[in-house]
Amino acid sequence: MSDRIAFQLDGREVEALPEESIWDVARRHGVVIPHLCHSAGPDYRPDGNCRVCMVEIEGERVLAASCIRRPSHGMKVHTCSLRAESARAVVMELLLADQPPKATAHDPNSRLWRWAETMGVHSSRFPARKKVPCPDRSHPAMAVHLDACIHCGLCVRACREVQVNEVIGMARRGHHSKIVFDFDDPMGASTCVACGECVQACPTGALMPATVMDDSGLKVLEPDRKVESLCPYCGVGCQLTYELRGDKLLTVQGRDGPANRNRLCVKGRFGFDYVHHPHRLKKPLIRRPDAPKGPDLVVDPHRPWDHFREATWEEALNAAASGLKRIRDQHGPNALAGFGSAKGSNEEAYLFQKLVRCGFGSNNVDHCTRLCHASSVAALLEGIGSGAVTAPFAACAESDVIVVIGANPTVNHPVAATFIKNAVKRGATLIVIDPRGQALSRHARYHLRFRPGTDVPLLNALIHTIIAEDLYDPSYIDSHTEGYEDLRAKVAAFSPEAMAPLCGIEARVLREVARTYALSRASIIFWGMGISQHVHGTDNARCLIALALLTGQVGRPGAGLHPLRGQNNVQGASDAGLIPMVFPDYRPVGDPAARALHERLWGRTLDPTPGLTVVEIMHAALAGRVRGMYVQGENPAMSDPDLHHARAALAKLEHLVVQDLFLTETAFHADVVLPASAFPEKTGTFTNTDRRVQLGRQALEPPGDARQDWWIIQEVARRMGLDWHYQHPRDVFAEMRHSMVSLNGITWERLEREGAVTYPCDGEDQAGHELLFADGFPTRSGRARFVPADVLPPDELPDADYPMVLTTGRLLEHWHTGAMTRRATVLDAIEPGPIAHLHPSDLKRLGIEPGGRLSIETRRGAIQPRARADRDVPPGMVFVPFCFAESAANLLTNPALDPFGKIPEFKFCAARLTPCD
Amino acid sequence: MASATTAEPRMLSETIQEKIRAYFPRYPDKRAVCLPALHIVHEHFRCVPLQAMAEIAELLEIAPADVHDTMSFYGFFPQAPIGDVRVWICRSISCAIRGGDEMVDYACQKMRVAPGGTTIDGKLTVEFAECLGICDHAPAALADDGRIFGPLDKAGVDAMLNELQRGPKPAE
C-alpha cells in the first residue's frame with residue numbers, strides 16, 4: 001500500500017496510516033508515551049504544546065513532540081532513549097514546580113499525577129511561582145482551581161473547537177497567560193453553558209465537577225464502579241458512563257457513542273441527581289376517600305398525606321386494575337384511555353400500548369409525540385412514506401448547506417448542535433430561519449427572523465424561487481416524485497416579492513437563500529417544534545419536504561430531512577405503537593393484515609377504529625366520555641395546552657392511575673399512584689432521533705419499594721385478564737421483533753455487544769442504513785409526493801386586548817415539564833424559577849425592570865413570572881418556558897389543533913402583559 | 001445560562017460601528033476585523049472597556065472570549081482609561097545596556113507610579129516597552145502622539161516628563 005508510511009519505532013518495523021502521528025502509531029502498537037495536552041478522544045486536534053510526549057528521531061538535532069509529528073518513510077524513532085526520557089522527566093518537573101504538592105492536590109488521581117508517578121517524578125527542583133491563582137467556586141456544577149493548570153489548552157480546544165461554545169480563552173501572553181471565561185469573568189457569571197467538556201478534558205484537576213470536591217477544593221469522592229448507559233433527556237441519544245459510589249450516582253462521563261462522540265450537555269452531565277431527590281415515590285399511594293379533587297388542586301409532593309395514604313403493591317395494583325376494569329365492563333372500552341411515555345424504554349412503550357389495545361380494548365393510547373412532532377410525522381408519512389429522519393444529524397458533517405428552521409438546537413439538542421457548529425467551522429453554510437435569535441445565529445450566513453406564524457408564505461416563496469429560477473432537479477422530480485404540477489400551480493402566486501411584506505424578509509434575501517439551498521452539492525434541513533407546533537404544522541413540514549424533493553436534496557451523503565426529536569425515546573415510543581391510529585411500525589389499525597398479525601401475536605381481537613389523541617382524550621374526559629385513565633410517565637397537567645381545561649378533565653376522571661417517579665402535577669389528581677423506576681434504574685432499549693436503537697443499562701436499584709415500569713404494566717395487565725409472563729425486558733424485545741419489521745437484524749444480544757444499531761438493518765451481521773431513500777421511497781408508487789400548502793394564519797392573532805405574541809419552549813437546563821430537571825440540584829441552581837423572555841424595548845415600554853414580575857394573560861389564564869431581557873426575542877413577542885409548575889406556561893396556550901397531526905398551537909397565541917406590584 | 005444580551009444603551013456609536021464595518025470587505029472573514037476594531041475603539045476611548053469588547057464581538061459575530069484573547073495578548077490595549085499622554089520607555093537590549101531600566105525606574109519614581117500606572121492628575125501614563133525600534137536614540141522613549149525622546153539620561157527624563165505633562169501634541 002503506497003499511502004502507508006513504513007518507519008522504525010524502537011527498532012520495530014511499523015507502518016503508519018495517513019494522518020497518523022507517531023504517538024497514534026505507538027499507541028496502536030502498545031508503546032506507551034506520556035501525554036497531557038493531547039487527548040486520544042475523537043475530534044481533539046493535537047497541539048504539541050506540553051512536550052511530555054517528546055521522542056528522539058535519529059539524525060534530528062532536537063526531540064519531537066510525538067502527538068503532532070507525522071512519521072516519514074524510513075524514519076527511526078526512539079520513544080525510550082535516555083535522551084527522550086530525561087527530557088520528558090525535566091518537562092514533568094517543570095510542570096510540577098507550580099503544582100500544589102500531591103498530598104494536597106485537587107485531584108491526586110489526575111492524569112498529570114498518574115503520569116508523574118509512571119515517569120518516576122515526585123517533586124520538582126524548580127522554584128514555584130510567587131502568585132498563586134485563587135480558586136473559582138462560582139459555578140454550581142464545576143470547580144475551577146487554576147493553581148493546578150498547566151496551560152495545556154485542552155479545555156480551550158474542548159470549549160472552542162469540539163463543543164464550539166467559545167467561552168474559554170487563553171488570555172494574555174507568555175508567562176502571564178491564563179485560562180479565562182469570557183472577559184476573565186468568574187465561571188458562574190460567564191456565558192458558560194456547563195456542557196462540562198472542559199472538565200472531561202482537563203488532565204490536572206484544575207477543572208472538576210463541584211459535587212466530588214470538599215470546601216477546601218480537594219477531591220474527596222471517588223467512584224467504586226461504572227455502568228455504561230445512555231442519557232435520559234433529549235432525542236440525541238448520547239452514550240454515557242454512570243460513575244457510582246455505593247448506591248449513589250457520583251458523576252457522569254461522556255462515552256464515544258455514534259451520536260455524541262464523548263460529548264454531553266449540562267443536563268446529561270450534571271442533571272442526574274433527581275434520582276436521589278427526597279420527593280421520589282418509594283411506596284404505592286392510594287387516594288384518601290376524604291381527599292377532594294378539583295382542577296386547582298395542588299399537593300405538596302413532600303407531604304402528600306392529606307390526599308394520599310401508603311399502600312402495599314398488592315393493594316395498589318388491585319385498586320388500579322379493578323377501577324379500570326369496572327369502567328371497561330360498565331361503560332365499554334372507549335371509556336378508558338392511556339398515555340404512555342416517550343421517556344420510557346421501547347419495551348415499556350410496547351407493553352403499554354399492548355395493554356391498552358388488549359386489556360382496555362380500544363386504541364385510545366397516545367403520548368407526547370402528539371405535542372411535539374405529530375404534524376411532522378403526518379407530513380413525512382404522507383410525503384415520503386416514513387415518519388423518521390432520512391439521515392442522522394451527524395450527516396451535516398458532509399453538508400455544504402445546513403438549514404435550521406423552527407428549532408433551537410443549542411438549547412434543546414445541545415450535542416447535535418455541536419456537530420452543526422463543527423460543520424460550519426469546516427466551511428458549511430448555515431441558514432437559520434426562526435423569529436427568535438439563538439446561539440447558532442452567530443454562526444449563520446443568513447438568519448431569517450421572519451414574522452411568527454408566516455412559515456408557509458416564507459417557505460412557499462423559497463419553493464416559488466426554486467421553480468421560477470430553474471433551480472430544481474428535473475431528473476430527480478421525474479424519477480422519484482409525483483404531484484409536481486400541483487405544487488407548481490400552487491406556489492405560482494407566492495413570489496418572494498409578494499410574500500416579503502407578509503413574512504417580513506426582503507425578497508432579495510429569500511431569493512438568495514433559495515439559491516443557496518438548491519444549488520449546493522448537499523443540503524440538509526433540521527427542524528423542531530417551531531415548525532410542528534402550529535395549526536399549520538403539517539403544512540409547514542410539507543413545505544420542507546417539497547424543498548428537499550424539488551432539489552433532490554435527500555438520499556445523498558450530507559443531504560436530507562431531519563426533524564430533531566425532543567425526548568430520549570420519542571422515536572422508539574412512536575415506532576412501538578404508542579399512537580392511536582397505528583400498531584407498532586406505523587401500521588394502520590384499520591389495515592386488516594396488520595390487525596390479523598397482531599391478533600395472532602397477542603391472542604386478542606383488536607379494535608379497527610383509530611383511538612383518540614392526547615388533546616381529544618382530555619376533551620372526552622371533560623365531557624364524561626372517557627372515565628378512567630392510566631398515565632405512565634407523562635405529565636399532561638403540565639404539558640397539555642390550556643391547562644385549566646386539562647386539569648379539570650383529569651380531576652373529573654372517575655379513576656386515574658399514575659405511574660411516575662414523583663408526585664407530578666398529573667398525580668395530584670390520581671386515585672392510585674405507582675412508584676416507578678428512573679432511567680439509571682432500568683435496562684431497556686431506546687431509539688434516538690437518528691433511528692438508532694441503543695441499550696440503556698441499569699446502574700442503580702429503584703429506591704424503597706419503587707418497581708420496574710415493565711413489571712408494573714405487566715401486573716396491571718394481569719389483573720385486567722391478560723396472561724403475561726415476561727421475565728425481563730429482553731423477552732419483551734424478542735416479542736417486538738415479531739411485530740416490527742424495523743427491528744430486523746437487531747437482537748438484544750447484538751445490542752448488548754454493540755450498544756447501538758440503526759434501523760433499517762438488513763441482517764444481524766450488517767450495519768444499519770443511516771441514509772435512506774437514495775433510490776425511491778416506501779410509498780405504494782415508490783415515489784415521494786409533493787403536497788402543496790396554503791396560507792393559514794395562526795388560530796389566535798394579536799388584537800387590541802391581547803396585543804403580544806406568546807410563544808413557548810424549553811430552556812437548556814430544564815427538560816419538558818421539569819419533573820426531573822427541577823429536582824436536579826445543579827440544573828435547578830442555574831435556572832431556579834419562572835421567567836419570561838422579552839426584548840429590552842418591550843420591557844422599557846411596559847415599565848418592567850429585568851428581574852421584575854410581570855403578569856402574562858391570555859384568554860385562558862394568567863401567570864406571573866419574572867422578566868428577563870433577551871434581544872433574541874423580537875419586539876412584540878414574549879417567550880415563556882413551560883417547565884415551571886408555579887407559573888405554568890401552558891395555562892396560557894391555545895389548544896387549537898392542526899387538522900392533520902392533531903398537534904396544538906403551542907408556538908403562537910395572543911397575550912397581554914402588565915407589570916406586577 | 002447567563003444571557004449573552006449586551007446592555008443598553010450601546011457604547012459604540014453608530015459612527016464607530018460604521019468605521020468598523022467599513023473594514024469588512026477587506027477580509028474574507030469578519031473575524032479578521034478584530035484588531036482594526038480594537039484600534040478604532042482604543043483611539044476613541046483611549047482604552048477598550050468590557051462593554052466595547054462585547055459589542056465588537058456582536059458586530060463581528062464572534063465569541064466575546066475571542067475578542068478578549070486578542071485584546072489581552074497585546075499590551076497596547078488597556079482595559080481602563082489611561083492618562084492624556086502615554087509614554088513608553090524602552091528597556092530592550094540596546095536601550096538596556098545604556099540604562100533603559102534605570103530610566104524606567106527613575107521616571108516611575110518621579111511620577112509616583114508603578115510601571116503601567118497613571119498619575120493622580122490623569123495627565124500621564126508611564127510604561128516600559130520591549131522594543132520601540134528607535135535604537136539610534138537608546139535609551140529611548142516614545143509618546144503615543146508620536147514624539148520621540150532620547151538618548152535619555154536623568155535630566156533628559158526630567159525634561160521629557162515636563163513636556164509631556166503639558167498635554168498631547170496639538171494636532172497639525
# chains A, B, ... in the order shown; residues from 1 in each chain; ligands from 1
>>> closest_atom_pairs(of="chain B", to="chain A", cutoff="12 Å", atoms="only C-alpha atoms", output="JSON lines")
{"residue": "B:Met1", "atom": "CA", "partner": "A:Val193", "partner_atom": "CA", "distance": 5.7}
{"residue": "B:Ala2", "atom": "CA", "partner": "A:Thr191", "partner_atom": "CA", "distance": 5.0}
{"residue": "B:Ser3", "atom": "CA", "partner": "A:Thr191", "partner_atom": "CA", "distance": 6.7}
{"residue": "B:Ala4", "atom": "CA", "partner": "A:Thr191", "partner_atom": "CA", "distance": 6.4}
{"residue": "B:Thr5", "atom": "CA", "partner": "A:Asp870", "partner_atom": "CA", "distance": 5.9}
{"residue": "B:Thr6", "atom": "CA", "partner": "A:Arg871", "partner_atom": "CA", "distance": 8.4}
{"residue": "B:Ala7", "atom": "CA", "partner": "A:Pro840", "partner_atom": "CA", "distance": 9.0}
{"residue": "B:Glu8", "atom": "CA", "partner": "A:Pro840", "partner_atom": "CA", "distance": 8.1}
{"residue": "B:Pro9", "atom": "CA", "partner": "A:Pro840", "partner_atom": "CA", "distance": 10.3}
{"residue": "B:Asp29", "atom": "CA", "partner": "A:Arg445", "partner_atom": "CA", "distance": 11.3}
{"residue": "B:Lys30", "atom": "CA", "partner": "A:Arg442", "partner_atom": "CA", "distance": 11.4}
{"residue": "B:Arg31", "atom": "CA", "partner": "A:Arg442", "partner_atom": "CA", "distance": 11.6}
{"residue": "B:Val48", "atom": "CA", "partner": "A:Phe183", "partner_atom": "CA", "distance": 11.7}
{"residue": "B:Pro49", "atom": "CA", "partner": "A:Phe183", "partner_atom": "CA", "distance": 10.3}
{"residue": "B:Leu50", "atom": "CA", "partner": "A:Phe183", "partner_atom": "CA", "distance": 7.2}
{"residue": "B:Gln51", "atom": "CA", "partner": "A:Phe183", "partner_atom": "CA", "distance": 9.9}
{"residue": "B:Ala52", "atom": "CA", "partner": "A:Phe183", "partner_atom": "CA", "distance": 11.4}
{"residue": "B:Met53", "atom": "CA", "partner": "A:Phe183", "partner_atom": "CA", "distance": 8.6}
{"residue": "B:Ala54", "atom": "CA", "partner": "A:Phe183", "partner_atom": "CA", "distance": 8.9}
{"residue": "B:Ala57", "atom": "CA", "partner": "A:Arg442", "partner_atom": "CA", "distance": 9.7}
{"residue": "B:Glu58", "atom": "CA", "partner": "A:Arg442", "partner_atom": "CA", "distance": 8.1}
{"residue": "B:Leu59", "atom": "CA", "partner": "A:Arg442", "partner_atom": "CA", "distance": 9.7}
{"residue": "B:Leu60", "atom": "CA", "partner": "A:Arg442", "partner_atom": "CA", "distance": 8.8}
{"residue": "B:Glu61", "atom": "CA", "partner": "A:Arg442", "partner_atom": "CA", "distance": 5.1}
{"residue": "B:Ile62", "atom": "CA", "partner": "A:Arg442", "partner_atom": "CA", "distance": 6.8}
{"residue": "B:Ala63", "atom": "CA", "partner": "A:Glu166", "partner_atom": "CA", "distance": 5.8}
{"residue": "B:Pro64", "atom": "CA", "partner": "A:Asp182", "partner_atom": "CA", "distance": 5.8}
{"residue": "B:Ala65", "atom": "CA", "partner": "A:Asp182", "partner_atom": "CA", "distance": 4.3}
{"residue": "B:Asp66", "atom": "CA", "partner": "A:Gly169", "partner_atom": "CA", "distance": 6.9}
{"residue": "B:Val67", "atom": "CA", "partner": "A:Phe183", "partner_atom": "CA", "distance": 8.7}
{"residue": "B:His68", "atom": "CA", "partner": "A:Phe183", "partner_atom": "CA", "distance": 5.8}
{"residue": "B:Asp69", "atom": "CA", "partner": "A:Ala171", "partner_atom": "CA", "distance": 4.6}
{"residue": "B:Thr70", "atom": "CA", "partner": "A:Ala171", "partner_atom": "CA", "distance": 7.6}
{"residue": "B:Met71", "atom": "CA", "partner": "A:Arg172", "partner_atom": "CA", "distance": 8.1}
{"residue": "B:Ser72", "atom": "CA", "partner": "A:Arg172", "partner_atom": "CA", "distance": 4.6}
{"residue": "B:Phe73", "atom": "CA", "partner": "A:Arg172", "partner_atom": "CA", "distance": 4.3}
{"residue": "B:Tyr74", "atom": "CA", "partner": "A:Arg172", "partner_atom": "CA", "distance": 7.4}
{"residue": "B:Gly75", "atom": "CA", "partner": "A:Arg172", "partner_atom": "CA", "distance": 8.3}
{"residue": "B:Phe76", "atom": "CA", "partner": "A:Arg172", "partner_atom": "CA", "distance": 11.5}
{"residue": "B:Phe77", "atom": "CA", "partner": "A:Arg172", "partner_atom": "CA", "distance": 11.1}
{"residue": "B:Pro78", "atom": "CA", "partner": "A:Arg172", "partner_atom": "CA", "distance": 11.8}
{"residue": "B:Gln79", "atom": "CA", "partner": "A:Phe183", "partner_atom": "CA", "distance": 10.6}
>>> residues_around(residues="region 527-537 of chain A", least_positions_apart="3", cutoff="7 Å", atoms="only C-alpha atoms", output="PyMOL selection string")
chain A and resi 372-373+375-376+404-407+540-541+562-564+792+794-795+896-898+903-907
>>> select_by_dssp(residues="region 52-132 of chain B", states="helix (DSSP H, G or I)", output="compact mmCIF listing (two decimals) with all heavy atoms, in the first residue's frame")
# COMPACT_ATOMS: atom_id res chain seq x y z
N ALA B 52 -17.34 47.49 25.37
CA ALA B 52 -16.96 47.67 23.97
C ALA B 52 -16.54 46.34 23.35
O ALA B 52 -16.88 46.04 22.20
CB ALA B 52 -15.82 48.68 23.87
N MET B 53 -15.83 45.52 24.14
CA MET B 53 -15.42 44.20 23.62
C MET B 53 -16.65 43.35 23.30
O MET B 53 -16.70 42.67 22.28
CB MET B 53 -14.55 43.48 24.65
CG MET B 53 -13.10 43.87 24.58
SD MET B 53 -12.10 42.71 25.50
CE MET B 53 -12.15 43.44 27.11
N ALA B 54 -17.65 43.41 24.19
CA ALA B 54 -18.87 42.64 23.97
C ALA B 54 -19.55 43.10 22.68
O ALA B 54 -20.04 42.29 21.88
CB ALA B 54 -19.82 42.79 25.15
N GLU B 55 -19.54 44.42 22.47
CA GLU B 55 -20.21 44.92 21.27
C GLU B 55 -19.41 44.62 20.01
O GLU B 55 -19.98 44.39 18.94
CB GLU B 55 -20.49 46.42 21.43
CG GLU B 55 -21.57 46.66 22.49
CD GLU B 55 -21.89 48.14 22.72
OE1 GLU B 55 -21.67 48.94 21.79
OE2 GLU B 55 -22.35 48.47 23.82
N ILE B 56 -18.08 44.64 20.13
CA ILE B 56 -17.26 44.24 18.97
C ILE B 56 -17.58 42.79 18.61
O ILE B 56 -17.78 42.44 17.45
CB ILE B 56 -15.74 44.38 19.28
CG1 ILE B 56 -15.35 45.85 19.40
CG2 ILE B 56 -14.91 43.71 18.19
CD1 ILE B 56 -13.91 46.07 19.87
N ALA B 57 -17.67 41.93 19.65
CA ALA B 57 -17.96 40.52 19.41
C ALA B 57 -19.29 40.37 18.68
O ALA B 57 -19.41 39.58 17.73
CB ALA B 57 -17.99 39.76 20.73
N GLU B 58 -20.27 41.14 19.10
CA GLU B 58 -21.59 41.04 18.49
C GLU B 58 -21.53 41.50 17.03
O GLU B 58 -22.10 40.87 16.15
CB GLU B 58 -22.57 41.90 19.29
CG GLU B 58 -23.98 41.36 19.29
CD GLU B 58 -24.86 42.09 20.29
OE1 GLU B 58 -24.52 42.07 21.48
OE2 GLU B 58 -25.85 42.69 19.85
N LEU B 59 -20.81 42.59 16.81
CA LEU B 59 -20.69 43.16 15.47
C LEU B 59 -19.96 42.20 14.53
O LEU B 59 -20.33 42.04 13.37
CB LEU B 59 -19.89 44.46 15.61
CG LEU B 59 -20.10 45.57 14.60
CD1 LEU B 59 -21.55 46.03 14.59
CD2 LEU B 59 -19.21 46.76 14.97
N LEU B 60 -18.94 41.56 15.05
CA LEU B 60 -18.12 40.67 14.22
C LEU B 60 -18.66 39.24 14.22
O LEU B 60 -18.11 38.36 13.56
CB LEU B 60 -16.67 40.65 14.75
CG LEU B 60 -15.71 41.65 14.13
CD1 LEU B 60 -16.27 43.06 14.09
CD2 LEU B 60 -14.39 41.66 14.91
N PRO B 64 -17.22 36.51 22.53
CA PRO B 64 -16.59 37.55 23.35
C PRO B 64 -15.18 37.14 23.78
O PRO B 64 -14.27 37.98 23.80
CB PRO B 64 -17.51 37.65 24.57
CG PRO B 64 -18.83 37.17 24.10
CD PRO B 64 -18.55 36.16 23.03
N ALA B 65 -15.01 35.84 24.09
CA ALA B 65 -13.69 35.38 24.53
C ALA B 65 -12.64 35.57 23.44
O ALA B 65 -11.48 35.80 23.72
CB ALA B 65 -13.76 33.91 24.96
N ASP B 66 -13.05 35.47 22.19
CA ASP B 66 -12.13 35.69 21.07
C ASP B 66 -11.56 37.11 21.11
O ASP B 66 -10.37 37.33 20.91
CB ASP B 66 -12.89 35.55 19.74
CG ASP B 66 -12.68 34.19 19.11
OD1 ASP B 66 -11.73 33.52 19.52
OD2 ASP B 66 -13.46 33.83 18.21
N VAL B 67 -12.46 38.08 21.33
CA VAL B 67 -12.04 39.48 21.36
C VAL B 67 -11.12 39.70 22.56
O VAL B 67 -10.09 40.35 22.45
CB VAL B 67 -13.27 40.41 21.44
CG1 VAL B 67 -12.83 41.87 21.41
CG2 VAL B 67 -14.24 40.12 20.31
N HIS B 68 -11.50 39.08 23.68
CA HIS B 68 -10.71 39.27 24.89
C HIS B 68 -9.32 38.66 24.75
O HIS B 68 -8.32 39.25 25.18
CB HIS B 68 -11.44 38.66 26.09
CG HIS B 68 -10.72 38.86 27.38
ND1 HIS B 68 -9.96 37.88 27.96
CD2 HIS B 68 -10.64 39.93 28.19
CE1 HIS B 68 -9.43 38.33 29.08
NE2 HIS B 68 -9.82 39.58 29.25
N ASP B 69 -9.24 37.46 24.13
CA ASP B 69 -7.94 36.83 23.93
C ASP B 69 -7.02 37.75 23.14
O ASP B 69 -5.86 37.95 23.50
CB ASP B 69 -8.10 35.53 23.14
CG ASP B 69 -8.55 34.38 24.01
OD1 ASP B 69 -8.90 34.64 25.18
OD2 ASP B 69 -8.58 33.24 23.52
N THR B 70 -7.55 38.28 22.05
CA THR B 70 -6.75 39.14 21.17
C THR B 70 -6.35 40.41 21.92
O THR B 70 -5.19 40.82 21.92
CB THR B 70 -7.58 39.52 19.93
OG1 THR B 70 -8.12 38.33 19.38
CG2 THR B 70 -6.73 40.24 18.89
N MET B 71 -7.34 41.02 22.54
CA MET B 71 -7.10 42.28 23.23
C MET B 71 -6.04 42.10 24.33
O MET B 71 -5.11 42.90 24.45
CB MET B 71 -8.44 42.76 23.81
CG MET B 71 -8.38 44.02 24.59
SD MET B 71 -8.08 43.61 26.32
CE MET B 71 -8.18 45.20 27.06
N SER B 72 -6.18 41.03 25.12
CA SER B 72 -5.29 40.88 26.27
C SER B 72 -3.90 40.40 25.85
O SER B 72 -2.94 40.51 26.60
CB SER B 72 -5.91 39.95 27.32
OG SER B 72 -6.01 38.64 26.79
N PHE B 73 -3.79 39.85 24.63
CA PHE B 73 -2.49 39.41 24.13
C PHE B 73 -1.57 40.62 23.92
O PHE B 73 -0.38 40.56 24.16
CB PHE B 73 -2.67 38.66 22.81
CG PHE B 73 -1.40 38.10 22.25
CD1 PHE B 73 -0.93 36.86 22.66
CD2 PHE B 73 -0.67 38.80 21.30
CE1 PHE B 73 0.24 36.34 22.14
CE2 PHE B 73 0.51 38.28 20.78
CZ PHE B 73 0.96 37.05 21.20
N ILE B 93 17.33 45.31 24.52
CA ILE B 93 18.78 45.21 24.68
C ILE B 93 19.55 46.52 24.47
O ILE B 93 20.25 46.98 25.36
CB ILE B 93 19.35 44.10 23.77
CG1 ILE B 93 18.89 42.76 24.36
CG2 ILE B 93 20.87 44.16 23.72
CD1 ILE B 93 19.42 41.57 23.66
N SER B 94 19.35 47.16 23.31
CA SER B 94 20.17 48.35 23.03
C SER B 94 19.94 49.41 24.10
O SER B 94 20.88 50.08 24.55
CB SER B 94 19.85 48.94 21.66
OG SER B 94 19.33 47.98 20.81
N CYS B 95 18.68 49.57 24.48
CA CYS B 95 18.37 50.58 25.50
C CYS B 95 18.86 50.13 26.87
O CYS B 95 19.38 50.93 27.64
CB CYS B 95 16.88 50.88 25.53
SG CYS B 95 16.32 51.77 24.05
N ALA B 96 18.68 48.81 27.15
CA ALA B 96 19.03 48.30 28.47
C ALA B 96 20.50 48.52 28.76
O ALA B 96 20.88 48.95 29.85
CB ALA B 96 18.66 46.83 28.59
N GLY B 100 18.39 51.83 30.10
CA GLY B 100 16.93 51.94 29.90
C GLY B 100 16.14 51.61 31.15
O GLY B 100 15.22 52.33 31.54
N ASP B 101 16.50 50.50 31.82
CA ASP B 101 15.77 50.09 33.02
C ASP B 101 15.81 51.17 34.09
O ASP B 101 14.80 51.46 34.73
CB ASP B 101 16.37 48.79 33.58
CG ASP B 101 15.85 47.58 32.82
OD1 ASP B 101 14.64 47.56 32.54
OD2 ASP B 101 16.66 46.68 32.51
N GLU B 102 17.01 51.75 34.25
CA GLU B 102 17.14 52.81 35.25
C GLU B 102 16.24 53.99 34.90
O GLU B 102 15.64 54.62 35.78
CB GLU B 102 18.60 53.29 35.37
CG GLU B 102 19.54 52.30 36.06
CD GLU B 102 20.05 51.22 35.12
OE1 GLU B 102 19.74 51.24 33.90
OE2 GLU B 102 20.74 50.31 35.60
N MET B 103 16.14 54.27 33.61
CA MET B 103 15.30 55.40 33.20
C MET B 103 13.83 55.12 33.50
O MET B 103 13.09 56.01 33.90
CB MET B 103 15.49 55.70 31.70
CG MET B 103 16.88 56.20 31.32
SD MET B 103 17.40 57.62 32.31
CE MET B 103 18.78 56.94 33.18
N VAL B 104 13.41 53.85 33.28
CA VAL B 104 12.02 53.48 33.61
C VAL B 104 11.80 53.70 35.11
O VAL B 104 10.83 54.37 35.52
CB VAL B 104 11.73 52.00 33.25
CG1 VAL B 104 10.33 51.60 33.73
CG2 VAL B 104 11.86 51.76 31.76
N ASP B 105 12.72 53.17 35.92
CA ASP B 105 12.57 53.30 37.37
C ASP B 105 12.53 54.76 37.78
O ASP B 105 11.71 55.19 38.60
CB ASP B 105 13.74 52.62 38.09
CG ASP B 105 13.65 51.11 37.97
OD1 ASP B 105 12.55 50.63 37.58
OD2 ASP B 105 14.65 50.41 38.24
N TYR B 106 13.45 55.54 37.19
CA TYR B 106 13.55 56.94 37.57
C TYR B 106 12.25 57.69 37.24
O TYR B 106 11.69 58.43 38.05
CB TYR B 106 14.74 57.59 36.86
CG TYR B 106 14.89 59.05 37.18
CD1 TYR B 106 15.27 59.46 38.46
CD2 TYR B 106 14.63 60.02 36.21
CE1 TYR B 106 15.39 60.82 38.76
CE2 TYR B 106 14.73 61.37 36.50
CZ TYR B 106 15.13 61.77 37.78
OH TYR B 106 15.22 63.11 38.08
N ALA B 107 11.74 57.45 36.02
CA ALA B 107 10.52 58.14 35.59
C ALA B 107 9.35 57.76 36.49
O ALA B 107 8.55 58.61 36.90
CB ALA B 107 10.22 57.81 34.14
N CYS B 108 9.25 56.46 36.81
CA CYS B 108 8.14 56.00 37.65
C CYS B 108 8.23 56.62 39.04
O CYS B 108 7.23 57.07 39.61
CB CYS B 108 8.14 54.48 37.74
SG CYS B 108 7.55 53.71 36.23
N GLN B 109 9.45 56.63 39.56
CA GLN B 109 9.66 57.19 40.88
C GLN B 109 9.27 58.66 40.89
O GLN B 109 8.58 59.14 41.78
CB GLN B 109 11.15 57.06 41.20
CG GLN B 109 11.47 56.91 42.64
CD GLN B 109 12.99 56.82 42.80
OE1 GLN B 109 13.72 56.44 41.87
NE2 GLN B 109 13.46 57.19 43.95
N LYS B 110 9.66 59.33 39.85
CA LYS B 110 9.40 60.77 39.75
C LYS B 110 7.89 61.04 39.67
O LYS B 110 7.38 61.98 40.28
CB LYS B 110 10.12 61.28 38.51
CG LYS B 110 10.11 62.78 38.32
CD LYS B 110 11.50 63.41 38.42
CE LYS B 110 11.40 64.91 38.70
NZ LYS B 110 11.33 65.72 37.49
N MET B 111 7.22 60.22 38.95
CA MET B 111 5.77 60.43 38.76
C MET B 111 4.95 59.71 39.84
O MET B 111 3.73 59.77 39.83
CB MET B 111 5.34 59.90 37.38
CG MET B 111 5.85 60.71 36.21
SD MET B 111 5.08 62.33 36.07
CE MET B 111 6.37 63.36 36.72
>>> atom_distance(atom1="CA of Gln694 (chain A)", atom2="CA of Arg718 (chain A)")
28.8 Å
>>> residues_around(residues="Lys19 (chain B)", least_positions_apart="2", cutoff="12 Å", atoms="only C-alpha atoms", output="JSON, numbers by chain")
{"B": [12, 13, 14, 15, 16, 17, 21, 22, 23, 24, 25, 33, 36, 37, 38, 39, 40, 41, 43, 44, 56, 59]}
>>> closest_residue(among="B:Met11, B:Ala155, B:Cys34, B:Ile148", to="Ile134 (chain B)", atoms="only C-alpha atoms")
B:Ile148
>>> atom_distance(atom1="CA of Pro100 (chain A)", atom2="CA of Arg125 (chain A)")
14.0 Å
>>> atom_distance(atom1="CA of Cys37 (chain A)", atom2="CA of Lys131 (chain A)")
23.4 Å
>>> closest_residue(among="A:Cys368, A:Leu240, A:Leu722, A:Ala885", to="Val299 (chain A)", atoms="only C-alpha atoms")
A:Ala885
